[in-house]
>>> print(open('coords.txt').read())   # compact mmCIF, C-alpha atoms
# COMPACT_ATOMS: atom_id res chain seq x y z
CA MET A 1430 -61.90 -52.21 5.08
CA GLY A 1431 -63.92 -51.20 8.16
CA VAL A 1432 -63.18 -51.82 11.83
CA LYS A 1433 -65.69 -54.08 13.54
CA LEU A 1434 -66.55 -53.49 17.19
CA GLY A 1435 -67.85 -56.01 19.68
CA ILE A 1436 -69.43 -54.08 22.55
CA LEU A 1437 -70.00 -55.82 25.89
CA GLY A 1438 -72.84 -54.15 27.76
CA LEU A 1439 -75.56 -51.71 26.79
CA GLY A 1440 -76.26 -49.91 30.04
CA THR A 1441 -75.79 -46.18 30.57
CA VAL A 1442 -72.19 -46.12 29.32
CA GLY A 1443 -72.79 -48.64 26.55
CA THR A 1444 -75.82 -46.74 25.29
CA GLY A 1445 -73.90 -43.47 25.30
CA THR A 1446 -71.07 -45.11 23.38
CA VAL A 1447 -73.42 -46.42 20.70
CA GLN A 1448 -75.08 -43.00 20.41
CA LEU A 1449 -71.70 -41.35 19.85
CA LEU A 1450 -70.75 -43.93 17.24
CA GLN A 1451 -74.04 -43.51 15.40
CA ASP A 1452 -73.90 -39.71 15.36
CA LEU A 1453 -71.55 -38.98 12.48
CA ASN A 1454 -72.42 -35.29 12.13
CA GLY A 1455 -69.27 -33.18 12.42
CA ARG A 1456 -67.15 -36.07 13.59
CA HIS A 1457 -63.83 -37.39 12.36
CA PRO A 1458 -64.13 -39.19 8.97
CA LEU A 1459 -62.50 -42.31 10.48
CA LEU A 1460 -65.67 -42.82 12.52
CA ARG A 1461 -67.40 -43.83 9.30
CA GLU A 1462 -65.04 -46.80 9.08
CA ILE A 1463 -66.26 -48.20 12.41
CA GLU A 1464 -69.04 -50.78 12.40
CA ILE A 1465 -70.95 -51.97 15.46
CA HIS A 1466 -70.78 -55.67 14.67
CA ARG A 1467 -72.13 -57.22 17.88
CA VAL A 1468 -73.46 -55.92 21.21
CA GLY A 1469 -73.70 -58.26 24.17
CA VAL A 1470 -76.64 -57.74 26.55
CA ARG A 1471 -78.40 -59.69 29.27
CA SER A 1472 -81.95 -58.98 28.13
CA PRO A 1473 -82.29 -58.21 24.40
CA GLN A 1474 -86.06 -57.74 24.77
CA LEU A 1475 -85.74 -54.64 26.96
CA PRO A 1476 -86.54 -51.24 25.41
CA ARG A 1477 -83.41 -49.34 24.39
CA ALA A 1478 -82.57 -45.69 23.85
CA VAL A 1479 -80.68 -46.68 20.68
CA GLU A 1480 -81.75 -48.60 17.62
CA LEU A 1481 -79.69 -51.54 16.45
CA PRO A 1482 -80.41 -54.37 14.01
CA LYS A 1483 -81.85 -57.42 15.74
CA ASN A 1484 -78.95 -59.63 14.70
CA VAL A 1485 -76.48 -57.26 16.42
CA LEU A 1486 -77.87 -57.79 19.95
CA ILE A 1487 -76.86 -61.13 21.46
CA THR A 1488 -76.68 -62.59 24.96
CA ASP A 1489 -73.57 -64.74 24.47
CA LEU A 1490 -70.78 -62.34 25.45
CA GLU A 1491 -68.07 -64.96 25.11
CA SER A 1492 -68.98 -65.48 21.47
CA ILE A 1493 -68.18 -61.80 20.87
CA VAL A 1494 -64.62 -62.02 22.21
CA ASN A 1495 -64.16 -65.24 20.21
CA ASP A 1496 -65.66 -63.86 16.97
CA PRO A 1497 -62.93 -63.70 14.27
CA ALA A 1498 -64.74 -60.79 12.63
CA VAL A 1499 -64.41 -58.55 15.70
CA ASP A 1500 -61.34 -56.30 15.66
CA ILE A 1501 -61.89 -54.35 18.89
CA VAL A 1502 -63.72 -55.42 22.03
CA VAL A 1503 -65.28 -52.57 24.02
CA GLU A 1504 -65.89 -53.79 27.58
CA LEU A 1505 -68.60 -51.77 29.33
CA ILE A 1506 -70.25 -54.31 31.64
CA GLY A 1507 -68.23 -53.23 34.69
CA GLY A 1508 -67.46 -55.28 37.77
CA LEU A 1509 -64.73 -57.87 38.16
CA GLU A 1510 -66.15 -61.01 36.58
CA PRO A 1511 -66.90 -61.91 33.87
CA ALA A 1512 -65.28 -58.65 32.75
CA ARG A 1513 -61.72 -59.77 33.60
CA SER A 1514 -62.10 -63.16 31.89
CA LEU A 1515 -63.67 -61.63 28.79
CA ILE A 1516 -60.93 -59.01 28.50
CA LEU A 1517 -58.22 -61.66 28.82
CA LYS A 1518 -59.94 -63.91 26.28
CA ALA A 1519 -60.23 -61.03 23.82
CA ILE A 1520 -56.52 -60.29 24.26
CA GLN A 1521 -55.67 -63.97 23.83
CA ASN A 1522 -57.60 -63.88 20.55
CA GLY A 1523 -55.52 -60.95 19.32
CA LYS A 1524 -58.17 -58.26 19.74
CA HIS A 1525 -57.57 -54.74 20.96
CA VAL A 1526 -59.58 -53.79 24.04
CA VAL A 1527 -61.20 -50.54 25.11
CA THR A 1528 -62.58 -50.50 28.65
CA ALA A 1529 -64.19 -48.14 31.14
CA ASN A 1530 -63.75 -50.68 33.94
CA LYS A 1531 -61.68 -49.03 36.68
CA ALA A 1532 -62.38 -51.85 39.15
CA ALA A 1533 -60.96 -54.55 36.89
CA ILE A 1534 -57.97 -52.42 35.86
CA ALA A 1535 -57.17 -51.43 39.45
CA ARG A 1536 -57.18 -55.06 40.59
CA PHE A 1537 -56.03 -57.00 37.52
CA GLY A 1538 -54.18 -54.35 35.51
CA ASP A 1539 -50.82 -56.09 35.81
CA GLU A 1540 -52.25 -59.36 34.51
CA ILE A 1541 -54.17 -57.63 31.72
CA PHE A 1542 -51.30 -55.45 30.51
CA THR A 1543 -48.82 -58.32 30.65
CA ALA A 1544 -51.16 -60.40 28.48
CA ALA A 1545 -51.65 -57.48 26.07
CA ASN A 1546 -47.90 -56.92 25.70
CA LYS A 1547 -47.41 -60.61 25.01
CA ALA A 1548 -50.19 -60.64 22.41
CA GLY A 1549 -49.12 -57.36 20.82
CA VAL A 1550 -52.46 -55.62 21.27
CA TYR A 1551 -53.60 -52.39 22.88
CA VAL A 1552 -55.69 -51.98 26.03
CA MET A 1553 -57.09 -48.46 26.10
CA LEU A 1554 -58.63 -47.25 29.36
CA GLU A 1555 -59.14 -43.51 29.05
CA ALA A 1556 -62.81 -43.87 29.99
CA ALA A 1557 -61.93 -45.61 33.26
CA VAL A 1558 -60.81 -42.40 35.00
CA GLY A 1559 -61.83 -38.84 34.12
CA GLY A 1560 -62.63 -39.65 30.52
CA GLY A 1561 -64.13 -36.24 29.95
CA ILE A 1562 -60.96 -34.38 30.95
CA PRO A 1563 -59.00 -36.51 29.71
CA VAL A 1564 -56.26 -37.47 32.19
CA ILE A 1565 -54.86 -40.94 31.44
CA GLN A 1566 -53.37 -40.19 28.03
CA PRO A 1567 -51.64 -37.01 29.24
CA LEU A 1568 -50.11 -38.95 32.16
CA LYS A 1569 -48.91 -41.68 29.80
CA GLN A 1570 -47.55 -39.37 27.10
CA SER A 1571 -47.50 -35.59 27.61
CA LEU A 1572 -46.33 -35.73 31.23
CA SER A 1573 -44.25 -38.89 31.02
CA VAL A 1574 -40.91 -37.04 31.28
CA ASN A 1575 -42.00 -35.04 34.32
CA ARG A 1576 -41.35 -35.97 37.93
CA ILE A 1577 -44.84 -36.14 39.39
CA HIS A 1578 -44.93 -36.33 43.17
CA THR A 1579 -48.64 -35.80 43.89
CA VAL A 1580 -51.92 -36.58 42.18
CA THR A 1581 -55.05 -35.08 43.72
CA GLY A 1582 -58.53 -34.80 42.32
CA ILE A 1583 -62.29 -35.09 42.68
CA VAL A 1584 -62.76 -38.25 40.65
CA ASN A 1585 -66.24 -39.41 41.65
CA GLY A 1586 -69.15 -37.50 40.17
CA THR A 1587 -71.84 -39.04 42.38
CA THR A 1588 -70.32 -37.90 45.66
CA ASN A 1589 -69.51 -34.51 44.15
CA TYR A 1590 -73.18 -34.10 43.22
CA ILE A 1591 -74.39 -35.19 46.67
CA LEU A 1592 -72.01 -32.95 48.61
CA THR A 1593 -72.72 -29.95 46.38
CA ARG A 1594 -76.45 -30.27 46.95
CA MET A 1595 -75.96 -30.75 50.67
CA GLN A 1596 -73.98 -27.54 50.69
CA THR A 1597 -76.31 -25.43 48.54
CA GLU A 1598 -79.60 -26.73 49.95
CA GLY A 1599 -78.72 -27.66 53.53
CA SER A 1600 -80.16 -31.12 52.90
CA ASN A 1601 -79.41 -34.42 54.65
CA PHE A 1602 -77.16 -37.02 53.02
CA ASP A 1603 -79.90 -39.69 52.87
CA ASP A 1604 -82.39 -37.33 51.22
CA VAL A 1605 -79.97 -36.18 48.54
CA LEU A 1606 -78.79 -39.74 47.89
CA ALA A 1607 -82.37 -40.95 47.40
CA ASP A 1608 -83.01 -38.10 44.97
CA ALA A 1609 -79.77 -38.82 43.11
CA GLN A 1610 -80.86 -42.43 42.70
CA LYS A 1611 -84.22 -41.34 41.28
CA LEU A 1612 -82.46 -39.05 38.82
CA GLY A 1613 -80.03 -41.78 37.77
CA TYR A 1614 -76.94 -40.00 39.15
CA ALA A 1615 -76.44 -42.74 41.76
CA GLU A 1616 -76.74 -46.50 41.39
CA ALA A 1617 -79.41 -48.53 43.15
CA ASP A 1618 -76.50 -49.85 45.22
CA PRO A 1619 -74.39 -46.72 45.79
CA THR A 1620 -71.74 -48.47 47.89
CA ALA A 1621 -68.87 -48.09 45.41
CA ASP A 1622 -69.44 -44.36 45.14
CA VAL A 1623 -70.41 -43.19 48.64
CA ASP A 1624 -67.96 -45.47 50.46
CA GLY A 1625 -65.04 -44.29 48.34
CA LEU A 1626 -64.36 -47.59 46.55
CA ASP A 1627 -64.75 -46.07 43.09
CA ALA A 1628 -62.37 -43.23 43.95
CA ALA A 1629 -59.86 -45.73 45.38
CA ASP A 1630 -59.88 -47.72 42.13
CA LYS A 1631 -59.32 -44.56 40.13
CA ILE A 1632 -56.50 -43.13 42.22
CA ALA A 1633 -54.74 -46.51 42.15
CA ILE A 1634 -54.76 -46.35 38.35
CA LEU A 1635 -53.65 -42.71 38.24
CA ALA A 1636 -50.88 -43.30 40.78
CA SER A 1637 -49.61 -46.30 38.82
CA LEU A 1638 -49.33 -44.15 35.70
CA ALA A 1639 -47.94 -41.07 37.44
CA PHE A 1640 -45.34 -42.86 39.53
CA GLY A 1641 -44.41 -45.61 37.10
CA GLY A 1642 -45.28 -48.67 39.14
CA ARG A 1643 -48.07 -50.98 40.20
CA ILE A 1644 -50.16 -49.85 43.14
CA ASN A 1645 -51.59 -52.48 45.46
CA LEU A 1646 -55.25 -51.55 45.87
CA GLU A 1647 -55.29 -53.01 49.40
CA ASP A 1648 -52.76 -50.33 50.39
CA VAL A 1649 -55.08 -47.48 49.40
CA TYR A 1650 -56.76 -45.93 52.44
CA CYS A 1651 -60.46 -45.58 51.69
CA GLU A 1652 -63.10 -43.47 53.42
CA GLY A 1653 -66.45 -42.41 52.00
CA ILE A 1654 -69.01 -39.70 52.72
CA ARG A 1655 -71.78 -41.59 54.53
CA GLN A 1656 -70.85 -39.94 57.84
CA VAL A 1657 -70.90 -36.39 56.46
CA SER A 1658 -73.84 -34.53 57.99
CA LYS A 1659 -75.42 -31.21 57.12
CA THR A 1660 -73.91 -29.94 60.37
CA ASP A 1661 -70.44 -30.78 59.03
CA ILE A 1662 -71.29 -28.94 55.83
CA ALA A 1663 -72.49 -25.89 57.78
CA TYR A 1664 -69.34 -25.76 59.96
CA ALA A 1665 -67.12 -26.04 56.91
CA ASP A 1666 -69.02 -23.22 55.25
CA LYS A 1667 -68.57 -20.95 58.30
CA LEU A 1668 -64.82 -21.57 58.07
CA GLY A 1669 -64.80 -20.77 54.35
CA PHE A 1670 -64.40 -24.36 53.19
CA VAL A 1671 -66.40 -26.97 51.30
CA ILE A 1672 -66.30 -30.73 51.88
CA LYS A 1673 -65.33 -32.93 48.93
CA LEU A 1674 -64.24 -36.53 48.52
CA LEU A 1675 -60.64 -36.27 47.34
CA ALA A 1676 -58.49 -38.97 45.78
CA ILE A 1677 -54.88 -38.30 46.79
CA ALA A 1678 -51.65 -40.09 45.96
CA LYS A 1679 -48.17 -38.94 46.96
CA THR A 1680 -44.69 -40.31 46.56
CA ILE A 1681 -42.60 -40.62 49.69
CA THR A 1682 -39.21 -38.95 49.43
CA PRO A 1683 -36.55 -41.31 50.84
CA SER A 1684 -34.61 -40.04 53.84
CA PRO A 1685 -31.07 -38.89 52.96
>>> encode(input="coords.txt", output="structure tokens")
Amino acid sequence: MGVKLGILGLGTVGTGTVQLLQDLNGRHPLLREIEIHRVGVRSPQLPRAVELPKNVLITDLESIVNDPAVDIVVELIGGLEPARSLILKAIQNGKHVVTANKAAIARFGDEIFTAANKAGVYVMLEAAVGGGIPVIQPLKQSLSVNRIHTVTGIVNGTTNYILTRMQTEGSNFDDVLADAQKLGYAEADPTADVDGLDAADKIAILASLAFGGRINLEDVYCEGIRQVSKTDIAYADKLGFVIKLLAIAKTITPSP
């Protein structure tokens, strides 16, 4: 008996997910047991980079999380709402959830995981932070017996791309950002990336896992790269450094 997926969203991440699921060449045999049952989209008439049967694409996302035939809901719409409500409804209906939504997890993770524990279902979020590494599963399992005191990383690809090009080309921030948007590396509204909000969401999740507690997102200091100029880049280079947006979390050792 196959596993039926209900996928919410068919943007860049959703499209990539479908492509991976459809490409069975050289992949684990279990992938053949997975069926893309429904995909929720805003505009089914738009051209897509993947081919799906017409009856698979629907606009009613709530019907997907309520569909008795769906075993796993894959939430890829991003943002806070309706993502949070749809995730909770899926959990309430006894469905496992896979999500790449760092914003929703960083803000509502406690509520979501409490609901999942109560319902006896899994919420898998590897894709939310450093999915290509991966980092979440090692923190949860392989490193769970270690005493981790610091987590540091470059966790936002957009700012990494911008700063690297500023360094190698001597370009201005605004020029590189505009080019990154044309190439699809940056969103039309790049606020979450360049102002550090995306990195803050991610480090809150990583810190929660590494330190074994819930991190209040409002307590995470957040600063982006909008103010970084090519002069800053040049000075850093003369000193033998490069400028990167780092996500850093540290435990505070209690005074004796």
>>> closest_residue(input="coords.txt", among="A:Thr1444, A:Gln1656, A:Asn1530, A:Gln1610", to="A:Gly1560", atoms="only C-alpha atoms")
A:Asn1530
>>> closest_residue(input="coords.txt", among="A:Leu1612, A:Val1550, A:Ile1487, A:Ala1628", to="A:Cys1651", atoms="only C-alpha atoms")
A:Ala1628
>>> residues_around(input="coords.txt", residues="A:Asn1589", least_positions_apart="3", cutoff="10 Å", atoms="only C-alpha atoms", output="list in words")
Ile1583, Val1584, Asn1585, Gly1586, Leu1592, Thr1593, Arg1594, Met1595, Asp1622, Val1623, Ile1672, Lys1673, Leu1674 and Leu1675 of chain A
>>> closest_residue(input="coords.txt", among="A:Val1470, A:Ala1498, A:Ile1541, A:Leu1509", to="A:Gly1431", atoms="all atoms listed in the file")
A:Ala1498
>>> closest_residue(input="coords.txt", among="A:Gly1625, A:Val1432, A:Ala1609, A:Gly1599", to="A:Tyr1664", atoms="only C-alpha atoms")
A:Gly1599
>>> closest_residue(input="coords.txt", among="A:Ala1557, A:Val1468, A:Ile1516, A:Ile1562", to="A:Glu1480", atoms="only C-alpha atoms")
A:Val1468
>>> atom_distance(input="coords.txt", atom1="atom CA of A:Ile1565", atom2="atom CA of A:Glu1462")
25.3 Å
>>> closest_residue(input="coords.txt", among="A:Arg1477, A:Lys1631, A:Lys1659, A:Lys1547", to="A:Ser1600", atoms="all atoms listed in the file")
A:Lys1659
>>> atom_distance(input="coords.txt", atom1="atom CA of A:Val1657", atom2="atom CA of A:Leu1626")
16.3 Å
